[in-house]
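Data block below; observations after.
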Amino acid sequence: MPSVDYQGELFALRDDETVLDALLRNGVKAAHSCKAGSCGSCLLRATSGSVPAKAQLGLKESWKVQGYFLACVCRPEEDLALSAVGSDVRLGATIRALDLLSPDVVRVRLQCDEPLSFRPGQYVTVLREGGLARSYSIASLPDESALELHIRRISGGKMSGWFHDSAQVGERVSVLGPSGECFYVPGKEDQPILLAGTGTGLAPLYGIIRDALRHSHRGPIHLFHGALHRGGLYLVEELHRLAHLYPHLTYTPAVLNGSESDDVAVGPIDQVILKQFPKLSGWRGFLCGDPTLVNTLKKRLFLSGMASREIYADAFIPAAQTS
Ligand SMILES: Cc1cc2nc3c(=O)[nH]c(=O)nc-3n(C[C@H](O)[C@H](O)[C@H](O)COP(=O)(O)OP(=O)(O)OC[C@H]3O[C@@H](n4cnc5c(N)ncnc54)[C@H](O)[C@@H]3O)c2cc1C
């Protein structure tokens with residue numbers, strides 16, 4: 001019979017036993033509730049070994065590829081190594097570069113002490129000496145030499161203020177993660193993709209787009225980046241360059257305040273999107289940034305026909321609201 005390795009302890013499964021039952025029988029306090037594969041509270045992650053498809057039914061593609069499964073309906077056919085959800089890697093990292101991308105946004109390049117395995121669009125938690133911790137989305141690709149973050153200055157913000165005003169190249173931080181399910185999963189290469197975000201919501205989207213392109217995604221990719229005014233847009237030239245290079249990529253910058261012109265749309269980003277694409281059934285969507293906007297867009301895209309399992313979102317919820 002197969003066995004499971006859970007936090008360094010090896011448990012052999014009995015005939016027809018689920019992973020959850022084997023853990024409980026061996027005294028592991030594994031979270032669970034319905035024991036029928038529907039509530040999701042027994043979610044675990046396999047770091048090696050393959051999980052039966054039945055144990056991943058109903059999970060998003062992005063969760064499946066990371067090895068997440070429901071332990072209460074998992075009867076594996078081979079040995080599995082498991083990790084509890086949220087048991088992240090913590091690495092030391094050195095600040096390699098700090099560049100202003102706009103008056104409000106600094107690009108931080110971090111060199112981790114060891115390679116960090118991540119998918120572009122996921123996020124890491126950056127910790128400073130003293131324990132201050134904030135999450136930032138990853139804009140870089142795994143084969144790039146540094147981890148790229150885009151950090152917007154928040155007035156009175158402890159972490160963002162430090163990165164903008166005091167942090168120096170060569171200084172050390174720690175990085176915890178990666179986390180999040182907002183990333184490109186290869187497959188369905190002809191599916192249209194819509195990406196939308198405001199401010200530094202662009203960071204994960206920039207990673208996701210380049211990841212989709214390097215996986216040879218063939219379907220149309222539409223990026224909408226919103227800001228209050230033109231000065232809040234950034235990476236404009238780089239995104240136009242990418243769109244020029246890949247004709248199936250369209251980049252629409254949008255501002256809330258300003259006059260209509262050929263190169264920038266004016267209006268709330270949800271209205272700009274739905275004016276162009278009122279019907280979105282069969283599409284995949286990625287939404288990042290301001291929590292209110294992310295929630296509004298989620299509803300709007302769903303009401304326009306996008307399936308909820310195809311909507312991947314990361315709301316940048318301020319730390320005070322999460323703790
Ligand atoms: C999953 C995730 C990914 C994220 N990715 C990014 C990213 O890629 N880039 C990025 O810049 N940020 C990102 N954030 C937000 C980031 O984690 C911090 O919340 C942000 O940098 C503010 O931290 P701070 O320490 O500077 O401000 P704090 O010291 O925490 O806050 C100072 C004051 O500002 C308020 N405040 C905090 N954030 C905002 C806001 N957005 N708007 C208005 N008031 C605010 C607080 O309530 C508080 O009163 C992400 C958040 C999450 C949860």
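Each chain of the structure tokens is named A, B, ... in the order shown, its residues numbered from 1; ligands are numbered from 1 in display order.
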Taking only C-alpha atoms and all ligand atoms into account, produce a table as a Markdown table in which each residue of chain A with an atom at most 6 Å from an atom of ligand 1 appears once, together with its shortest atom pair and the distance in Å to one decimal, ordered by chain and rising number.
```
| residue | atom | partner | partner_atom_place_in_ligand_line | distance |
| --- | --- | --- | --- | --- |
| A:Tyr123 | CA | ligand 1 | 3 (C) | 5.8 |
| A:Arg134 | CA | ligand 1 | 17 (O) | 4.3 |
| A:Ser135 | CA | ligand 1 | 17 (O) | 3.9 |
| A:Tyr136 | CA | ligand 1 | 5 (N) | 3.5 |
| A:Ser137 | CA | ligand 1 | 8 (O) | 3.8 |
| A:His150 | CA | ligand 1 | 9 (N) | 5.1 |
| A:Ile151 | CA | ligand 1 | 11 (O) | 3.6 |
| A:Arg152 | CA | ligand 1 | 11 (O) | 3.9 |
| A:Ile154 | CA | ligand 1 | 26 (O) | 5.2 |
| A:Gly156 | CA | ligand 1 | 32 (C) | 5.0 |
| A:Gly157 | CA | ligand 1 | 26 (O) | 3.2 |
| A:Lys158 | CA | ligand 1 | 25 (O) | 3.9 |
| A:Met159 | CA | ligand 1 | 25 (O) | 3.7 |
| A:Ser160 | CA | ligand 1 | 26 (O) | 3.6 |
| A:Gly161 | CA | ligand 1 | 26 (O) | 5.6 |
| A:Thr200 | CA | ligand 1 | 9 (N) | 4.9 |
| A:Ala203 | CA | ligand 1 | 8 (O) | 5.5 |
| A:Asp314 | CA | ligand 1 | 1 (C) | 5.6 |
| A:Phe316 | CA | ligand 1 | 51 (C) | 3.5 |
| A:Ile317 | CA | ligand 1 | 53 (C) | 4.4 |
| A:Pro318 | CA | ligand 1 | 19 (O) | 3.8 |
| A:Ala319 | CA | ligand 1 | 19 (O) | 5.0 |
| A:Ala320 | CA | ligand 1 | 47 (O) | 5.6 |
```
Handout entry: Shell around Gly207 in chain A at 6 Å using only C-alpha atoms, local window under 5 positions removed, as a VMD selection string
Key = chain A and resid 120 to 121 139 to 140
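Nearest-residue note for Ser174 in chain A: choosing from A:Thr252, A:Ser117, A:Ser308, A:Thr94, the minimum distance belongs to A:Thr94, counting only C-alpha atoms.
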Completion exercise
Pairwise distance, CA of Arg90 in chain A with CA of Ala55 in chain A, equals 28.5 Å
Practice task
Tell me which protein, DNA and RNA residues are within 7 Å of range 184-196 of chain A, counting only C-alpha atoms, leaving out same-chain ones fewer than 6 positions away, and put them as a ChimeraX atom specification.
Solution key: /A:61-62,205,208,211-212,215,217-225,283-288
Problem - Contact residues around range 26-36 of chain A with only C-alpha atoms at 9 Å, ignoring same-chain residues under 3 positions, as a ChimeraX atom specification - result: /A:11,20-23,39-43,71-73,84
Requested write-out: N, CA and C atoms of the selected residues, as a CSV table (one decimal), in the first residue's frame:
```
chain,number,residue,atom,x,y,z
A,11,PHE,N,3.4,7.7,7.1
A,11,PHE,CA,2.3,6.9,7.5
A,11,PHE,C,1.8,6.0,6.3
A,20,LEU,N,-6.8,11.5,4.5
A,20,LEU,CA,-7.3,12.2,5.7
A,20,LEU,C,-7.5,11.1,6.8
A,21,ASP,N,-8.1,10.0,6.5
A,21,ASP,CA,-8.4,9.0,7.6
A,21,ASP,C,-7.0,8.5,8.1
A,22,ALA,N,-6.1,8.3,7.2
A,22,ALA,CA,-4.8,7.8,7.7
A,22,ALA,C,-4.1,8.8,8.6
A,23,LEU,N,-4.2,10.1,8.3
A,23,LEU,CA,-3.6,11.1,9.2
A,23,LEU,C,-4.3,11.1,10.5
A,39,CYS,N,-16.5,20.6,1.3
A,39,CYS,CA,-16.3,21.8,2.0
A,39,CYS,C,-14.9,22.4,1.8
A,40,GLY,N,-13.9,21.6,1.5
A,40,GLY,CA,-12.6,22.1,1.2
A,40,GLY,C,-11.7,22.3,2.4
A,41,SER,N,-12.2,22.0,3.6
A,41,SER,CA,-11.4,22.3,4.8
A,41,SER,C,-10.2,21.3,4.9
A,42,CYS,N,-10.2,20.2,4.3
A,42,CYS,CA,-9.1,19.2,4.4
A,42,CYS,C,-8.0,19.4,3.3
A,43,LEU,N,-8.1,20.6,2.7
A,43,LEU,CA,-7.1,20.8,1.5
A,43,LEU,C,-5.7,20.6,2.0
A,71,ALA,N,-8.0,15.9,0.9
A,71,ALA,CA,-7.5,14.7,1.6
A,71,ALA,C,-8.6,13.7,1.9
A,72,CYS,N,-9.9,14.2,2.1
A,72,CYS,CA,-10.9,13.3,2.5
A,72,CYS,C,-11.4,12.3,1.4
A,73,VAL,N,-11.1,12.7,0.1
A,73,VAL,CA,-11.5,11.8,-1.0
A,73,VAL,C,-10.3,11.3,-1.7
A,84,ALA,N,1.3,21.0,4.6
A,84,ALA,CA,0.1,21.6,4.9
A,84,ALA,C,0.0,22.9,4.1
```
Exercise for the section: Please return as a ChimeraX atom specification: the residues of range 138-213 of chain A that backbone DSSP assigns to helix (DSSP H, G or I). Expected result: /A:158-165,199-213
Could you turn the residues from that selection into a file that holds N, CA and C atoms, as a PDB file, in the first residue's frame?
```pdb
ATOM      1  N   LYS A 158       4.305  52.079   6.100  1.00  0.00           N
ATOM      2  CA  LYS A 158       5.577  51.698   6.738  1.00  0.00           C
ATOM      3  C   LYS A 158       6.498  50.975   5.739  1.00  0.00           C
ATOM      4  N   MET A 159       5.961  50.000   5.034  1.00  0.00           N
ATOM      5  CA  MET A 159       6.840  49.235   4.141  1.00  0.00           C
ATOM      6  C   MET A 159       7.079  49.981   2.830  1.00  0.00           C
ATOM      7  N   SER A 160       6.006  50.484   2.223  1.00  0.00           N
ATOM      8  CA  SER A 160       6.199  51.145   0.924  1.00  0.00           C
ATOM      9  C   SER A 160       7.032  52.414   1.110  1.00  0.00           C
ATOM     10  N   GLY A 161       6.814  53.131   2.217  1.00  0.00           N
ATOM     11  CA  GLY A 161       7.606  54.344   2.493  1.00  0.00           C
ATOM     12  C   GLY A 161       9.077  53.995   2.638  1.00  0.00           C
ATOM     13  N   TRP A 162       9.344  52.867   3.298  1.00  0.00           N
ATOM     14  CA  TRP A 162      10.740  52.455   3.477  1.00  0.00           C
ATOM     15  C   TRP A 162      11.388  52.152   2.129  1.00  0.00           C
ATOM     16  N   PHE A 163      10.666  51.418   1.275  1.00  0.00           N
ATOM     17  CA  PHE A 163      11.242  51.092  -0.038  1.00  0.00           C
ATOM     18  C   PHE A 163      11.478  52.360  -0.867  1.00  0.00           C
ATOM     19  N   HIS A 164      10.569  53.341  -0.756  1.00  0.00           N
ATOM     20  CA  HIS A 164      10.715  54.557  -1.569  1.00  0.00           C
ATOM     21  C   HIS A 164      11.776  55.509  -1.009  1.00  0.00           C
ATOM     22  N   ASP A 165      11.869  55.606   0.330  1.00  0.00           N
ATOM     23  CA  ASP A 165      12.683  56.688   0.901  1.00  0.00           C
ATOM     24  C   ASP A 165      14.003  56.241   1.514  1.00  0.00           C
ATOM     25  N   GLY A 199      -3.126  50.720 -10.993  1.00  0.00           N
ATOM     26  CA  GLY A 199      -1.905  50.959 -10.214  1.00  0.00           C
ATOM     27  C   GLY A 199      -0.935  49.792 -10.326  1.00  0.00           C
ATOM     28  N   THR A 200      -0.400  49.363  -9.148  1.00  0.00           N
ATOM     29  CA  THR A 200       0.568  48.260  -9.173  1.00  0.00           C
ATOM     30  C   THR A 200      -0.125  46.899  -9.357  1.00  0.00           C
ATOM     31  N   GLY A 201      -1.426  46.901  -9.567  1.00  0.00           N
ATOM     32  CA  GLY A 201      -2.110  45.685 -10.034  1.00  0.00           C
ATOM     33  C   GLY A 201      -1.490  45.220 -11.345  1.00  0.00           C
ATOM     34  N   LEU A 202      -0.742  46.108 -11.992  1.00  0.00           N
ATOM     35  CA  LEU A 202      -0.055  45.727 -13.235  1.00  0.00           C
ATOM     36  C   LEU A 202       1.066  44.703 -12.978  1.00  0.00           C
ATOM     37  N   ALA A 203       1.666  44.739 -11.775  1.00  0.00           N
ATOM     38  CA  ALA A 203       2.848  43.885 -11.521  1.00  0.00           C
ATOM     39  C   ALA A 203       2.559  42.409 -11.835  1.00  0.00           C
ATOM     40  N   PRO A 204       1.563  41.799 -11.191  1.00  0.00           N
ATOM     41  CA  PRO A 204       1.322  40.381 -11.508  1.00  0.00           C
ATOM     42  C   PRO A 204       0.887  40.187 -12.962  1.00  0.00           C
ATOM     43  N   LEU A 205       0.127  41.148 -13.493  1.00  0.00           N
ATOM     44  CA  LEU A 205      -0.374  40.995 -14.864  1.00  0.00           C
ATOM     45  C   LEU A 205       0.779  40.999 -15.866  1.00  0.00           C
ATOM     46  N   TYR A 206       1.783  41.821 -15.588  1.00  0.00           N
ATOM     47  CA  TYR A 206       2.965  41.896 -16.451  1.00  0.00           C
ATOM     48  C   TYR A 206       3.693  40.542 -16.458  1.00  0.00           C
ATOM     49  N   GLY A 207       3.769  39.908 -15.288  1.00  0.00           N
ATOM     50  CA  GLY A 207       4.373  38.574 -15.216  1.00  0.00           C
ATOM     51  C   GLY A 207       3.521  37.540 -15.947  1.00  0.00           C
ATOM     52  N   ILE A 208       2.219  37.606 -15.732  1.00  0.00           N
ATOM     53  CA  ILE A 208       1.311  36.601 -16.312  1.00  0.00           C
ATOM     54  C   ILE A 208       1.329  36.679 -17.844  1.00  0.00           C
ATOM     55  N   ILE A 209       1.296  37.905 -18.375  1.00  0.00           N
ATOM     56  CA  ILE A 209       1.300  38.065 -19.840  1.00  0.00           C
ATOM     57  C   ILE A 209       2.552  37.444 -20.439  1.00  0.00           C
ATOM     58  N   ARG A 210       3.686  37.774 -19.854  1.00  0.00           N
ATOM     59  CA  ARG A 210       4.943  37.270 -20.430  1.00  0.00           C
ATOM     60  C   ARG A 210       5.042  35.752 -20.274  1.00  0.00           C
ATOM     61  N   ASP A 211       4.444  35.230 -19.190  1.00  0.00           N
ATOM     62  CA  ASP A 211       4.422  33.784 -18.993  1.00  0.00           C
ATOM     63  C   ASP A 211       3.542  33.123 -20.067  1.00  0.00           C
ATOM     64  N   ALA A 212       2.370  33.719 -20.329  1.00  0.00           N
ATOM     65  CA  ALA A 212       1.471  33.163 -21.363  1.00  0.00           C
ATOM     66  C   ALA A 212       2.170  33.189 -22.722  1.00  0.00           C
ATOM     67  N   LEU A 213       2.869  34.280 -23.011  1.00  0.00           N
ATOM     68  CA  LEU A 213       3.540  34.408 -24.311  1.00  0.00           C
ATOM     69  C   LEU A 213       4.664  33.377 -24.449  1.00  0.00           C
TER      70      LEU A 213
END
```
Residues near Ile269 in chain A, cut-off 10 Å, only C-alpha atoms, skip fewer than 6 positions along chain, as a short mmCIF file (atom, residue, chain, number, x, y, z; two decimals) with C-alpha atoms, in the first residue's frame:
```
data_model
loop_
_atom_site.label_atom_id
_atom_site.label_comp_id
_atom_site.auth_asym_id
_atom_site.auth_seq_id
_atom_site.Cartn_x
_atom_site.Cartn_y
_atom_site.Cartn_z
CA ALA A 196 -7.22 44.08 -15.78
CA GLY A 197 -5.77 46.05 -12.91
CA THR A 198 -5.12 49.53 -11.63
CA PHE A 224 -6.33 46.88 -19.49
CA HIS A 225 -4.29 49.01 -17.09
CA GLY A 226 -6.07 51.79 -15.26
CA ALA A 227 -4.89 54.83 -13.33
CA THR A 252 -5.29 49.47 -23.40
CA PRO A 253 -4.20 52.08 -20.88
CA ALA A 254 -7.20 53.82 -19.29
CA VAL A 255 -7.45 56.87 -17.05
CA LEU A 256 -10.31 58.06 -14.92
CA LYS A 275 -17.80 48.60 -23.84
CA LEU A 293 -12.24 47.25 -8.18
CA LEU A 297 -14.85 43.44 -11.96
#
```
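CA of Gly177 in chain A to CA of Leu59 in chain A spans 20.7 Å [interatomic distance, one decimal].
With CA of Arg172 in chain A on one side and CA of Pro103 in chain A on the other, the separation reads 24.2 Å.
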Practice task
Give the strand (DSSP E or B) residues of range 186-244 of chain A, as assigned by DSSP on the backbone, as a VMD selection string.
Solution key: chain A and resid 193 to 198 221 to 227
